[in-house]
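Text of target_6.csv (CSV, C-alpha atoms) as supplied:
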chain,number,residue,atom,x,y,z
V,684,MET,CA,0.0,0.0,0.0
V,685,MET,CA,1.3,3.5,-0.8
V,686,LYS,CA,2.4,5.4,2.2
V,687,LEU,CA,0.8,8.7,2.9
V,688,LYS,CA,4.0,10.7,2.4
V,689,GLU,CA,4.5,9.1,-1.0
V,690,MET,CA,1.1,10.3,-2.3
V,691,SER,CA,0.5,13.5,-4.2
V,692,ALA,CA,-0.9,16.4,-2.2
V,693,SER,CA,-4.3,16.1,-3.9
V,694,SER,CA,-4.4,12.3,-3.2
V,695,GLN,CA,-3.7,12.9,0.4
V,696,ALA,CA,-6.5,15.5,0.6
V,697,ILE,CA,-9.0,13.1,-1.0
V,698,ARG,CA,-7.9,10.2,1.2
V,699,THR,CA,-8.6,12.1,4.4
V,700,THR,CA,-12.0,13.2,3.1
V,701,GLN,CA,-12.9,9.6,2.2
V,702,LEU,CA,-11.9,8.5,5.7
V,703,GLY,CA,-14.0,11.2,7.3
V,704,ILE,CA,-17.0,10.2,5.2
V,705,MET,CA,-16.7,6.5,6.3
V,706,VAL,CA,-16.3,7.4,10.0
V,707,SER,CA,-19.3,9.8,9.9
V,708,ILE,CA,-21.6,7.2,8.3
V,709,LEU,CA,-20.8,4.8,11.1
V,710,LEU,CA,-21.4,7.4,13.7
V,711,ILE,CA,-24.8,8.4,12.2
V,712,PHE,CA,-26.1,4.9,13.0
V,713,LEU,CA,-24.4,4.6,16.4
V,714,LYS,CA,-25.6,8.0,17.6
V,715,GLY,CA,-29.1,7.8,16.0
V,716,ILE,CA,-29.9,4.3,17.4
V,717,SER,CA,-28.4,5.1,20.8
V,718,GLY,CA,-30.3,8.4,21.0
V,719,HIS,CA,-33.6,6.7,20.2
V,720,LEU,CA,-33.1,3.8,22.6
V,721,GLY,CA,-31.5,6.0,25.3
V,722,HIS,CA,-34.1,8.9,25.2
V,723,SER,CA,-31.4,11.5,24.4
V,724,TYR,CA,-32.7,14.1,21.9
V,725,ALA,CA,-29.2,15.7,21.9
V,726,LEU,CA,-27.7,12.5,20.7
V,727,ILE,CA,-30.3,12.3,17.9
V,728,ALA,CA,-29.4,15.9,16.9
V,729,ASP,CA,-25.8,14.9,17.1
V,730,ALA,CA,-26.5,12.1,14.6
V,731,THR,CA,-28.1,14.6,12.3
V,732,GLU,CA,-25.0,16.8,12.5
V,733,SER,CA,-23.0,13.8,11.5
V,734,GLY,CA,-25.3,13.5,8.5
V,735,ALA,CA,-24.3,17.1,7.6
V,736,ASP,CA,-20.7,16.0,7.9
V,737,VAL,CA,-21.2,13.3,5.3
V,738,LEU,CA,-22.9,15.7,2.9
V,739,SER,CA,-20.3,18.4,3.3
V,740,SER,CA,-17.4,16.0,3.1
V,741,GLY,CA,-19.0,14.6,-0.1
V,742,ILE,CA,-19.1,18.0,-1.6
V,743,LEU,CA,-15.5,18.6,-0.5
V,744,TRP,CA,-14.4,15.3,-2.1
V,745,LEU,CA,-16.0,16.3,-5.4
V,746,ALA,CA,-14.4,19.8,-5.2
V,747,LEU,CA,-10.9,18.3,-4.6
V,748,ARG,CA,-11.3,16.0,-7.6
V,749,TYR,CA,-12.4,18.9,-9.7
V,750,ALA,CA,-9.5,21.0,-8.5
V,751,GLN,CA,-7.1,18.3,-9.8
V,752,ARG,CA,-8.1,19.1,-13.4
V,753,PRO,CA,-5.2,20.4,-15.4
V,754,PRO,CA,-5.3,24.0,-16.9
V,755,ASP,CA,-7.3,24.4,-20.1
V,756,LYS,CA,-8.2,27.2,-22.5
V,757,GLY,CA,-11.0,28.6,-20.2
V,758,HIS,CA,-9.0,28.1,-17.0
V,759,PRO,CA,-5.3,28.8,-17.8
V,760,TYR,CA,-4.4,28.8,-14.1
V,761,GLY,CA,-6.1,25.5,-13.4
V,762,HIS,CA,-9.2,24.7,-11.3
V,763,GLY,CA,-7.6,25.2,-7.8
V,764,LYS,CA,-10.1,27.8,-6.7
V,765,ALA,CA,-12.6,24.9,-6.2
V,766,GLU,CA,-10.7,24.1,-3.1
V,767,PRO,CA,-11.4,27.3,-1.1
V,768,ILE,CA,-14.9,27.4,-2.5
V,769,ALA,CA,-15.4,23.9,-1.0
V,770,ALA,CA,-14.1,25.3,2.4
V,771,ILE,CA,-16.7,28.0,2.4
V,772,ILE,CA,-19.4,25.5,1.6
V,773,VAL,CA,-18.3,23.4,4.5
V,774,GLY,CA,-18.3,26.5,6.8
V,775,LEU,CA,-21.9,27.3,5.7
V,776,PHE,CA,-22.9,23.7,6.4
V,777,LEU,CA,-21.6,24.2,9.9
V,778,MET,CA,-23.7,27.3,10.4
V,779,ALA,CA,-26.7,25.5,9.0
V,780,ALA,CA,-26.1,22.5,11.3
V,781,ALA,CA,-25.7,24.9,14.3
V,782,GLY,CA,-29.1,26.5,13.4
V,783,TRP,CA,-30.7,23.1,13.0
V,784,ILE,CA,-29.4,21.8,16.4
V,785,ALA,CA,-30.3,25.1,18.1
V,786,TYR,CA,-33.9,25.0,16.8
V,787,HIS,CA,-34.5,21.4,17.8
V,788,ALA,CA,-32.8,21.8,21.2
V,789,ILE,CA,-35.3,24.6,22.0
V,790,VAL,CA,-38.2,22.3,20.9
V,791,PHE,CA,-36.9,19.4,22.9
V,792,ILE,CA,-36.4,21.7,26.0
V,793,GLU,CA,-40.1,22.5,25.9
V,794,THR,CA,-41.1,18.9,25.2
V,795,PRO,CA,-41.5,16.6,28.3
V,796,HIS,CA,-39.4,13.4,27.9
V,797,GLU,CA,-37.7,10.7,29.9
V,798,LEU,CA,-34.2,11.0,31.5
V,799,PRO,CA,-31.4,9.8,29.2
V,800,ALA,CA,-30.1,6.3,29.7
V,801,LYS,CA,-26.7,5.8,31.3
V,802,PHE,CA,-25.3,3.9,28.4
V,803,THR,CA,-25.5,7.0,26.2
V,804,LEU,CA,-22.5,8.4,28.1
V,805,VAL,CA,-20.4,5.5,26.9
V,806,VAL,CA,-21.6,6.1,23.3
V,807,LEU,CA,-20.8,9.8,23.6
V,808,PHE,CA,-17.3,9.1,25.1
V,809,ILE,CA,-16.5,6.8,22.1
V,810,VAL,CA,-17.8,9.5,19.7
V,811,VAL,CA,-15.7,12.2,21.3
V,812,VAL,CA,-12.5,10.1,21.2
V,813,VAL,CA,-13.1,9.1,17.5
V,814,LYS,CA,-14.0,12.6,16.3
V,815,GLU,CA,-11.2,14.4,18.2
V,816,SER,CA,-8.7,11.9,16.9
V,817,LEU,CA,-10.0,12.4,13.4
V,818,PHE,CA,-9.9,16.1,13.8
V,819,ARG,CA,-6.2,16.1,14.8
V,820,TYR,CA,-5.3,13.7,12.0
V,821,VAL,CA,-7.1,15.7,9.3
V,822,LEU,CA,-5.9,19.0,10.6
V,823,ARG,CA,-2.3,17.8,10.5
V,824,ILE,CA,-2.7,16.8,6.9
V,825,GLY,CA,-4.5,20.0,6.0
V,826,LYS,CA,-1.8,22.2,7.5
V,827,ARG,CA,0.9,20.2,5.8
V,828,LEU,CA,-0.8,20.6,2.4
V,829,ASN,CA,-1.8,24.2,3.2
V,830,SER,CA,-5.4,23.2,2.1
V,831,GLN,CA,-8.2,25.4,3.5
V,832,ALA,CA,-10.7,22.8,2.4
V,833,VAL,CA,-9.1,20.0,4.3
V,834,ILE,CA,-8.6,22.2,7.3
V,835,ALA,CA,-12.3,23.1,7.1
V,836,ASP,CA,-13.2,19.4,7.0
V,837,ALA,CA,-11.1,18.9,10.2
V,838,TYR,CA,-13.0,21.6,12.0
V,839,HIS,CA,-16.2,20.1,11.0
V,840,HIS,CA,-15.1,17.0,12.9
V,841,ARG,CA,-14.1,19.1,15.8
V,842,SER,CA,-17.6,20.7,15.9
V,843,ASP,CA,-19.1,17.2,16.0
V,844,ALA,CA,-16.8,16.4,19.0
V,845,ILE,CA,-17.9,19.7,20.7
V,846,THR,CA,-21.6,18.9,20.4
V,847,SER,CA,-21.0,15.4,21.7
V,848,ILE,CA,-19.0,16.8,24.7
V,849,ALA,CA,-21.9,19.2,25.4
V,850,ALA,CA,-24.4,16.3,25.3
V,851,PHE,CA,-22.2,14.3,27.6
V,852,ILE,CA,-22.1,17.1,30.2
V,853,GLY,CA,-25.9,17.6,29.9
V,854,ILE,CA,-26.7,13.9,30.3
V,855,ILE,CA,-24.4,13.8,33.4
V,856,ILE,CA,-26.3,16.7,34.9
V,857,ALA,CA,-29.7,15.1,34.1
V,858,LEU,CA,-28.7,11.8,35.7
V,859,ILE,CA,-27.3,13.4,38.8
V,860,PHE,CA,-30.2,15.7,39.5
V,861,GLY,CA,-32.9,13.5,38.1
V,862,LYS,CA,-36.5,14.5,37.4
V,863,GLY,CA,-36.9,18.1,36.3
V,864,TYR,CA,-33.5,18.1,34.6
V,865,GLU,CA,-34.4,15.9,31.6
V,866,GLY,CA,-33.6,18.7,29.2
V,867,ALA,CA,-30.1,19.4,30.5
V,868,ASP,CA,-28.5,17.7,27.5
V,869,ASP,CA,-30.7,19.8,25.2
V,870,TRP,CA,-29.4,23.0,26.9
V,871,ALA,CA,-25.9,21.8,26.5
V,872,ALA,CA,-26.4,21.1,22.8
V,873,LEU,CA,-27.8,24.7,22.5
V,874,MET,CA,-24.7,26.1,24.1
V,875,ALA,CA,-22.5,24.0,21.8
V,876,CYS,CA,-24.0,25.8,18.8
V,877,LEU,CA,-22.0,28.9,19.7
V,878,PHE,CA,-18.7,27.0,19.4
V,879,ILE,CA,-19.9,25.5,16.1
V,880,ILE,CA,-20.6,29.0,14.6
V,881,TYR,CA,-17.2,30.2,15.9
V,882,ASN,CA,-15.5,27.3,14.0
V,883,ALA,CA,-17.5,28.1,10.9
V,884,VAL,CA,-16.3,31.7,10.9
V,885,LYS,CA,-12.8,30.5,11.5
V,886,ILE,CA,-13.1,28.3,8.3
V,887,ILE,CA,-14.8,30.8,6.0
V,888,LYS,CA,-12.5,33.8,6.7
V,889,PRO,CA,-9.2,32.4,5.3
V,890,ALA,CA,-11.0,30.7,2.4
V,891,LEU,CA,-12.5,34.0,1.4
V,892,SER,CA,-9.1,35.6,1.6
V,893,GLU,CA,-7.8,32.9,-0.8
V,894,ILE,CA,-10.6,33.4,-3.3
V,895,MET,CA,-9.8,37.2,-3.2
V,896,ASP,CA,-6.1,36.4,-3.9
V,897,GLY,CA,-5.0,37.5,-0.5
V,898,ALA,CA,-1.3,37.5,0.1
V,899,PRO,CA,0.2,34.3,1.7
V,900,SER,CA,2.4,34.3,4.8
V,901,ASP,CA,5.3,36.7,5.1
V,902,GLN,CA,7.5,33.7,5.7
V,903,LEU,CA,6.8,32.4,2.2
V,904,ILE,CA,7.4,35.8,0.6
V,905,LEU,CA,10.8,36.0,2.4
V,906,GLU,CA,11.7,32.5,1.3
V,907,ILE,CA,11.0,33.3,-2.3
V,908,LYS,CA,13.0,36.5,-2.2
V,909,LYS,CA,15.9,34.7,-0.5
V,910,ILE,CA,16.0,32.0,-3.2
V,911,ALA,CA,15.9,34.6,-6.0
V,912,SER,CA,18.5,36.9,-4.3
V,913,SER,CA,20.9,33.9,-3.9
V,914,HIS,CA,21.4,33.7,-7.7
V,915,ALA,CA,24.7,35.1,-8.7
V,916,GLU,CA,23.4,37.4,-11.4
V,917,VAL,CA,20.5,38.8,-9.4
V,918,LYS,CA,21.4,42.1,-7.7
V,919,GLY,CA,18.1,42.7,-6.1
V,920,VAL,CA,14.4,41.8,-5.8
V,921,GLU,CA,12.1,44.7,-6.3
V,922,LYS,CA,8.6,43.2,-6.2
V,923,CYS,CA,7.2,39.8,-5.2
V,924,PHE,CA,3.5,39.0,-5.6
V,925,VAL,CA,2.1,35.5,-4.7
V,926,ARG,CA,-1.3,34.0,-5.0
V,927,LYS,CA,-2.6,30.6,-4.1
V,928,MET,CA,-4.5,28.4,-6.5
V,929,GLY,CA,-5.7,25.2,-4.7
V,930,LEU,CA,-2.7,23.6,-3.2
V,931,ASP,CA,-0.2,25.5,-5.4
V,932,TYR,CA,1.3,29.0,-5.6
V,933,TYR,CA,1.8,31.3,-8.6
V,934,VAL,CA,4.6,33.9,-8.3
V,935,ASP,CA,5.0,37.3,-10.0
V,936,LEU,CA,8.6,38.4,-9.3
V,937,HIS,CA,10.7,41.4,-10.4
V,938,ILE,CA,14.4,40.9,-10.3
V,939,GLU,CA,17.2,43.3,-11.0
V,940,VAL,CA,20.3,42.4,-13.0
V,941,GLU,CA,23.2,44.4,-14.4
V,942,GLY,CA,22.0,46.8,-17.1
V,943,THR,CA,24.9,46.0,-19.3
V,944,ILE,CA,24.1,42.3,-19.9
V,945,ASN,CA,22.3,41.5,-23.2
V,946,VAL,CA,18.6,40.4,-23.5
V,947,PHE,CA,19.5,36.7,-24.0
V,948,ASP,CA,21.6,36.5,-20.8
V,949,ALA,CA,18.9,38.3,-18.8
V,950,HIS,CA,16.3,35.9,-20.2
V,951,GLN,CA,18.5,33.0,-19.1
V,952,VAL,CA,18.8,34.4,-15.6
V,953,ALA,CA,15.0,34.7,-15.3
V,954,HIS,CA,14.5,31.1,-16.4
V,955,GLN,CA,17.1,29.9,-13.9
V,956,VAL,CA,15.4,31.8,-11.1
V,957,LYS,CA,12.0,30.3,-12.1
V,958,ASP,CA,13.4,26.8,-12.1
V,959,GLU,CA,15.0,27.3,-8.7
V,960,LEU,CA,11.7,28.5,-7.2
V,961,ILE,CA,9.7,25.6,-8.7
V,962,GLN,CA,12.2,23.1,-7.4
V,963,ALA,CA,12.4,24.6,-3.9
V,964,ASN,CA,9.6,22.4,-2.4
V,965,LEU,CA,7.4,25.4,-1.7
V,966,ASN,CA,4.5,24.1,-3.9
V,967,ILE,CA,5.2,26.8,-6.5
V,968,LYS,CA,3.4,25.8,-9.7
V,969,ASN,CA,4.7,28.6,-11.9
V,970,ALA,CA,6.6,31.8,-11.7
V,971,LEU,CA,6.5,34.9,-13.9
V,972,ILE,CA,9.9,36.6,-13.7
V,973,HIS,CA,10.2,40.2,-14.9
V,974,VAL,CA,13.8,41.5,-15.4
V,975,GLU,CA,14.8,45.1,-14.7
V,976,PRO,CA,18.2,46.9,-14.8
V,977,TYR,CA,20.0,47.3,-11.5
V,978,LEU,CA,20.7,50.9,-10.6
V,979,ALA,CA,23.4,51.2,-7.9
What would the structure in this file look like if it were written as C-alpha cells?
Amino acid sequence: MMKLKEMSASSQAIRTTQLGIMVSILLIFLKGISGHLGHSYALIADATESGADVLSSGILWLALRYAQRPPDKGHPYGHGKAEPIAAIIVGLFLMAAAGWIAYHAIVFIETPHELPAKFTLVVLFIVVVVKESLFRYVLRIGKRLNSQAVIADAYHHRSDAITSIAAFIGIIIALIFGKGYEGADDWAALMACLFIIYNAVKIIKPALSEIMDGAPSDQLILEIKKIASSHAEVKGVEKCFVRKMGLDYYVDLHIEVEGTINVFDAHQVAHQVKDELIQANLNIKNALIHVEPYLA
C-alpha cells in the first residue's frame, strides 16, 4: 500500500476526506440508534449533525477532484479555486447545522421526555474520542498541504466532537439531579452551537481571503525573495506577488540584473530563477519573472 508521504498532495486530501465520510456514516447509525433507545434528543441531533458531515465531506471530495483538473483554455491557471470554495461551503454547512441543532434543542427543552439512559454516556465518550482523533489527523494533513478545504473538514469533525461533549455534560447533569433536569442535554447542545458557529467563521475567513487572492504568509514571501536573491546574477528583488490556487502558488517576481548584460543572458537568468523556485519544495506551480536593470 502506498504510504501517505508518497502520495501526491491532492491524493492525500482526497484520502482524508474519504476517511471522514466513512467514519461519519458509522457514527450516524451509532448515535441515532443510541439516542432513540436512550431517550437522548441531543444524541439524535448529534447524529443529524454527522449527516451534515457526510454531505459536506462529499461536496469537498467532489471539489478536490475537480481542483485536480489540469489547466485548459478557459482556466489557464487550473481549477484550484474549487478548493477554497469547498471550504466556504463546509463552513456554511456548519452554520446551518448549528441553526438546526439550536432550533430542535429549543423544541426538545419545551417537550417533556424521559431521563437519558446511562449507556448514552459510553456512546458519547466513544464518539468524542473518535472525532477528536479524526480532527487532529485531518488538521495535521490540512496544514501540511496548506489546504483550506481539508482544514475546514477537520474543524467540521471538531464541531461534532464539541456537540458530543456538550451532550455528555448535559446527560451527566440530568442523571445526577434526576426528574426536572431531563432537558439538560438539550441546553448543553444549545450552548455548543456557539462553538460551532465560531469554527464556521474560522473556516470561512481564510477561504474568502484565498478566493480574493489574499497574500500568503510573510515567511513564504521572504523565502521566495531569499532564493531569487541567492542567484549570482540577481542584484536585487524589487517586487514579489504571490497568489494561491488550490494547493499550489503562482509567483510574479521582479528581479534586478546588471543593465549591461544582453537580453539573451537576462532571459536565461530569469529562467534559472524560475526553475530554482519551482524546485524549492514550496508548492510553487509557476513563476513569472520580470527583469529590470539594476541601478546602484
Taking the point (-1.4, 30.4, -4.8) as given in the file, collect each protein or nucleic acid residue that comes within 9 Å of it, counting only C-alpha atoms, and present the set as a PDB file with C-alpha atoms, in the frame of the given file.
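Wrote point.pdb, looks like this:
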ATOM      1  CA  GLY V 763      -7.600  25.200  -7.800  1.00  0.00           C
ATOM      2  CA  GLU V 893      -7.800  32.900  -0.800  1.00  0.00           C
ATOM      3  CA  ASP V 896      -6.100  36.400  -3.900  1.00  0.00           C
ATOM      4  CA  ALA V 898      -1.300  37.500   0.100  1.00  0.00           C
ATOM      5  CA  PRO V 899       0.200  34.300   1.700  1.00  0.00           C
ATOM      6  CA  VAL V 925       2.100  35.500  -4.700  1.00  0.00           C
ATOM      7  CA  ARG V 926      -1.300  34.000  -5.000  1.00  0.00           C
ATOM      8  CA  LYS V 927      -2.600  30.600  -4.100  1.00  0.00           C
ATOM      9  CA  MET V 928      -4.500  28.400  -6.500  1.00  0.00           C
ATOM     10  CA  GLY V 929      -5.700  25.200  -4.700  1.00  0.00           C
ATOM     11  CA  LEU V 930      -2.700  23.600  -3.200  1.00  0.00           C
ATOM     12  CA  ASP V 931      -0.200  25.500  -5.400  1.00  0.00           C
ATOM     13  CA  TYR V 932       1.300  29.000  -5.600  1.00  0.00           C
ATOM     14  CA  TYR V 933       1.800  31.300  -8.600  1.00  0.00           C
ATOM     15  CA  VAL V 934       4.600  33.900  -8.300  1.00  0.00           C
ATOM     16  CA  ASN V 966       4.500  24.100  -3.900  1.00  0.00           C
ATOM     17  CA  ILE V 967       5.200  26.800  -6.500  1.00  0.00           C
ATOM     18  CA  LYS V 968       3.400  25.800  -9.700  1.00  0.00           C
TER      19      LYS V 968
END
Inset, instruction - Might you pull out every residue within 9 Å of V:Arg823, with all atoms listed in the file counted and same-chain residues fewer than 4 positions away left off, and present them as a list in words? - result: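 Contacts, in chain order: Phe818, Arg819, Arg827, Leu828, Ile834 and Ala837 of chain V.
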**Q.** Atom pair atom CA of V:Ile716 / atom CA of V:His839: separation (Å)
**A.**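 Distance reported for this atom pair: 21.9 Å.
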Of V:Tyr749, V:Phe712, V:Phe851, V:Tyr977, the one nearest to V:Lys801 when counting all atoms listed in the file is V:Phe851
Of V:Ile845, V:Ala970, V:Ala750, V:Ile708, the one sitting nearest V:Tyr881 when using only C-alpha atoms is V:Ile845
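For the pair atom CA of V:His950 and atom CA of V:Gly757, the separation is 28.3 Å.
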Task: Atom pair atom CA of V:Gly774 / atom CA of V:Val821: separation (Å) - done: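 A separation of 15.8 Å between them.
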If you count all atoms listed in the file, the residue of V:Lys714, V:Lys764, V:Lys909, V:Arg698 closest to V:Leu891 turns out to be V:Lys764
Excluding V:Ile887 and any residue of its chain fewer than 5 positions from it, enumerate the residues within 8 Å of it, using only C-alpha atoms, and give them as a short mmCIF file (atom, residue, chain, number, x, y, z; two decimals) with C-alpha atoms, in the coordinates of the input.
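Okay, this is what ended up in selection07.cif:
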data_model
loop_
_atom_site.label_atom_id
_atom_site.label_comp_id
_atom_site.auth_asym_id
_atom_site.auth_seq_id
_atom_site.Cartn_x
_atom_site.Cartn_y
_atom_site.Cartn_z
CA ALA V 770 -14.10 25.30 2.40
CA ILE V 771 -16.70 28.00 2.40
CA GLY V 774 -18.30 26.50 6.80
CA LEU V 775 -21.90 27.30 5.70
#
Discussion item. Show me the residues around (22.9, 39.3, -10.3) - criterion: an atom at most 9 Å away, all atoms listed in the file counted - as a list of chain:residue names.
Written reply: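 Residues lying no farther than 9 Å from the given point: V:Ser912, V:Ser913, V:His914, V:Ala915, V:Glu916, V:Val917, V:Lys918, V:Gly919, V:Ile938, V:Glu939, V:Val940, V:Glu941, V:Val952, V:Tyr977.
Nearest residue to V:Val812 among V:Gly782, V:Asp948, V:Leu710, V:Thr731 is V:Leu710, counting all atoms listed in the file.
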V:Asp736 proximity check over V:Ala844, V:Phe808, V:Thr794, V:Gly825, using all atoms listed in the file: winner is V:Ala844
Across V:Glu975, V:Asp958, V:Glu865, V:Asp836, the smallest distance to V:Pro767, with all atoms listed in the file counted, is shown by V:Asp836
**Q.** Exercise: V:Ile880 partners within 10 Å, all atoms listed in the file, chain neighbours under 2 positions left out, as a ChimeraX atom specification
**A.** /V:774-775,777-782,842,875-878,882-886
